[in-house]
Each structure stands twice: as structure tokens, then as C-alpha cells.
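Take a look at the structure below.
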Amino acid sequence: MPNLDPYSLLLLEACLFVLAFGALAYVRREGLSVQFALESIVLTVVLVGGSWLAGRPMNPFLFLIVLYLVTMRARLVVDVANMLVRRNRHTFAFRLYDLALALRPDASSRLIVLSNRGAAQLYTGQVEEAIATLEGVLAAREKSRLGLKYEAACRYNLGYAYEQKGDEVQSVAQYNEAIELLPGSLYARAAQAALKRRRKQESDD
């Protein structure tokens, strides 16, 4: 069996990369991002074309790493921002959320950035700001296809934000939505615990 041409191998890797992440996005209910596909195609043309003109095929592993870093740039920045929030480096973390949005992510990634930013605002005591951010994410979810996991997290955080504000009706509604949306998940269990805590407080009163 003849060896695969190195440039053909890079093109095959790019196709498999798009298919793999497209399938993963479909499973997560995010849908295939046209921007993601176009960015992958353009980057493949630039990298493979450049290496062909130079007469030196690009290392396949390096090629995949570059594809991943560029197309997943906003989500990677958000992961760092979330880590900084947990370490109480709030100012720098919010700068990174702004950077992630400035990197022009696709629609689904943008909602993921905003849902994480809303959670960070809640964590740092910015309750009103968190409510505005999370409500905005939910309002845009149908158009931009927010994944089930992120919607459940968003609804739990919004429920907790409303609880902190003292709006029990909205809080209970969001907790119930989180439970119905992804039963058995971390967010559903947290919402159930919050509702149980609320019922206990009412019985004690």
C-alpha cells in the first residue's frame, strides 16, 4: 500500500477535525458552526498551501494543534478566566472575558463566554449584572444554539442570582428549568438542593 502524500494527509486531518467537532457540537445540541467550518478551511488553505510552496510539509501534530488553538481560542481563554476567578484574580479574569469576546468567536462560543462571565459576576457579588448577562444568554439561545450543559448551568446560576436578589418566584422557576433540562446533572442536583433548602426554611418559619 503506497504511503499517503504528506499534503493529502494534512487535508484529511483537517476534514476529520471539522467532522469530529461538528459531531460533538451536534451531540451537545450546539449545531454545526458555519464560522468554525470556514475558519478551519481558510486556516487549512493557508497552512497547507504555505508548506507546499515552501516545499516542506507541516508536521501533522503541529497542524492539528494550530487548528485547535485558533478555532477554540475563545473557549480556551474562558477556561483561563474561570481559573483566575476561582483564585480570586477577578480583575484580570474579567479582562480575559472581554478578550474572549473581542476574538470574534462563533455564536455558540460567544454564548459560552457570556454564560461563564455571568457566573463569574454572580461569584463576585455582582448580582444585578449577572442577572442581565444570564438573561441575555437565554434570550439568544434559540438563535445561537446554546448547548444543554451550558443552558442548565445558566439557568441554575440565574436561579441562584434571583434567590440572592430575593425574587423567589423567578428563582424557583429557573431551578425547575435546570432540573427538567438536564436531569441528574451537576446543575440539576444543585438546583434540587437549593429547592430543598428553600422548603426547609419555609417550614422553619
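Each chain of the C-alpha cells is named A, B, ... in the order shown, its residues numbered from 1; ligands are numbered from 1 in display order.
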Using only C-alpha atoms, which residues sit within 7 Å of range 106-117 of chain A once same-chain residues fewer than 3 positions away are excluded, as a PyMOL selection string?
chain A and resi 30+33+35-36+74-75+78+97+100-101+120-121+133-134+137+144-146+150+154
Please, could you write that set of residues out with C-alpha atoms as a compact mmCIF listing (two decimals), in the first residue's frame?
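Done, and the output landed in out_30.txt:
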# COMPACT_ATOMS: atom_id res chain seq x y z
CA GLU A 30 -25.00 23.42 19.62
CA SER A 33 -20.97 26.38 13.31
CA GLN A 35 -17.87 30.16 11.17
CA PHE A 36 -15.95 27.24 12.68
CA ALA A 74 -12.33 31.98 22.88
CA ARG A 75 -13.17 28.85 24.88
CA VAL A 78 -12.53 31.45 29.10
CA TYR A 97 -13.68 37.51 29.32
CA ALA A 100 -12.55 36.24 24.53
CA LEU A 101 -15.43 38.32 23.17
CA ALA A 120 -18.26 34.98 37.46
CA GLN A 121 -20.28 38.14 38.08
CA THR A 133 -25.89 38.77 31.43
CA LEU A 134 -27.55 35.39 32.02
CA VAL A 137 -27.75 34.45 27.10
CA SER A 144 -27.34 30.78 18.56
CA ARG A 145 -27.83 27.20 19.80
CA LEU A 146 -26.63 27.08 23.38
CA TYR A 150 -24.39 25.42 29.34
CA CYS A 154 -27.01 29.24 33.03
Name the residues in contact with Gln174 in chain A at a cut-off of 8 Å, using only C-alpha atoms, excluding same-chain residues fewer than 4 positions from it; report them as a PyMOL selection string.
chain A and resi 155-156+158-159+170+178
Selected residues written out, N, CA and C atoms, as a short mmCIF file (atom, residue, chain, number, x, y, z; two decimals), in the first residue's frame:
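The resulting file, result.cif, is reproduced below:
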data_model
loop_
_atom_site.label_atom_id
_atom_site.label_comp_id
_atom_site.auth_asym_id
_atom_site.auth_seq_id
_atom_site.Cartn_x
_atom_site.Cartn_y
_atom_site.Cartn_z
N ARG A 155 -29.18 28.45 33.72
CA ARG A 155 -30.45 28.53 34.46
C ARG A 155 -30.24 28.35 35.96
N TYR A 156 -29.33 27.44 36.34
CA TYR A 156 -29.06 27.28 37.78
C TYR A 156 -28.47 28.57 38.34
N LEU A 158 -28.73 31.57 37.19
CA LEU A 158 -29.74 32.62 37.19
C LEU A 158 -30.71 32.42 38.35
N GLY A 159 -31.06 31.17 38.61
CA GLY A 159 -31.93 30.89 39.76
C GLY A 159 -31.29 31.33 41.06
N GLN A 170 -39.06 33.84 40.49
CA GLN A 170 -38.13 33.66 39.37
C GLN A 170 -37.06 32.62 39.72
N ALA A 178 -33.74 24.12 35.18
CA ALA A 178 -32.44 23.43 35.17
C ALA A 178 -32.62 21.93 35.42
#
As a VMD selection string, which residues of range 7-176 of chain A does DSSP assign to alpha helix (DSSP H)?
chain A and resid 7 to 27 34 to 54 60 to 71 73 to 86 90 to 102 107 to 123 127 to 144 148 to 165 168 to 176
Quick one: residues within 9 Å of Gly22 in chain A, only C-alpha atoms counted, chain neighbours fewer than 2 positions away excluded, as a PyMOL selection string?
chain A and resi 17-20+24-27+31-33+36-37
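Closest approach to Met58 in chain A from the set A:Asn176, A:Asn157, A:Gln126, A:Thr44 is made by A:Thr44, with distances taken over only C-alpha atoms.
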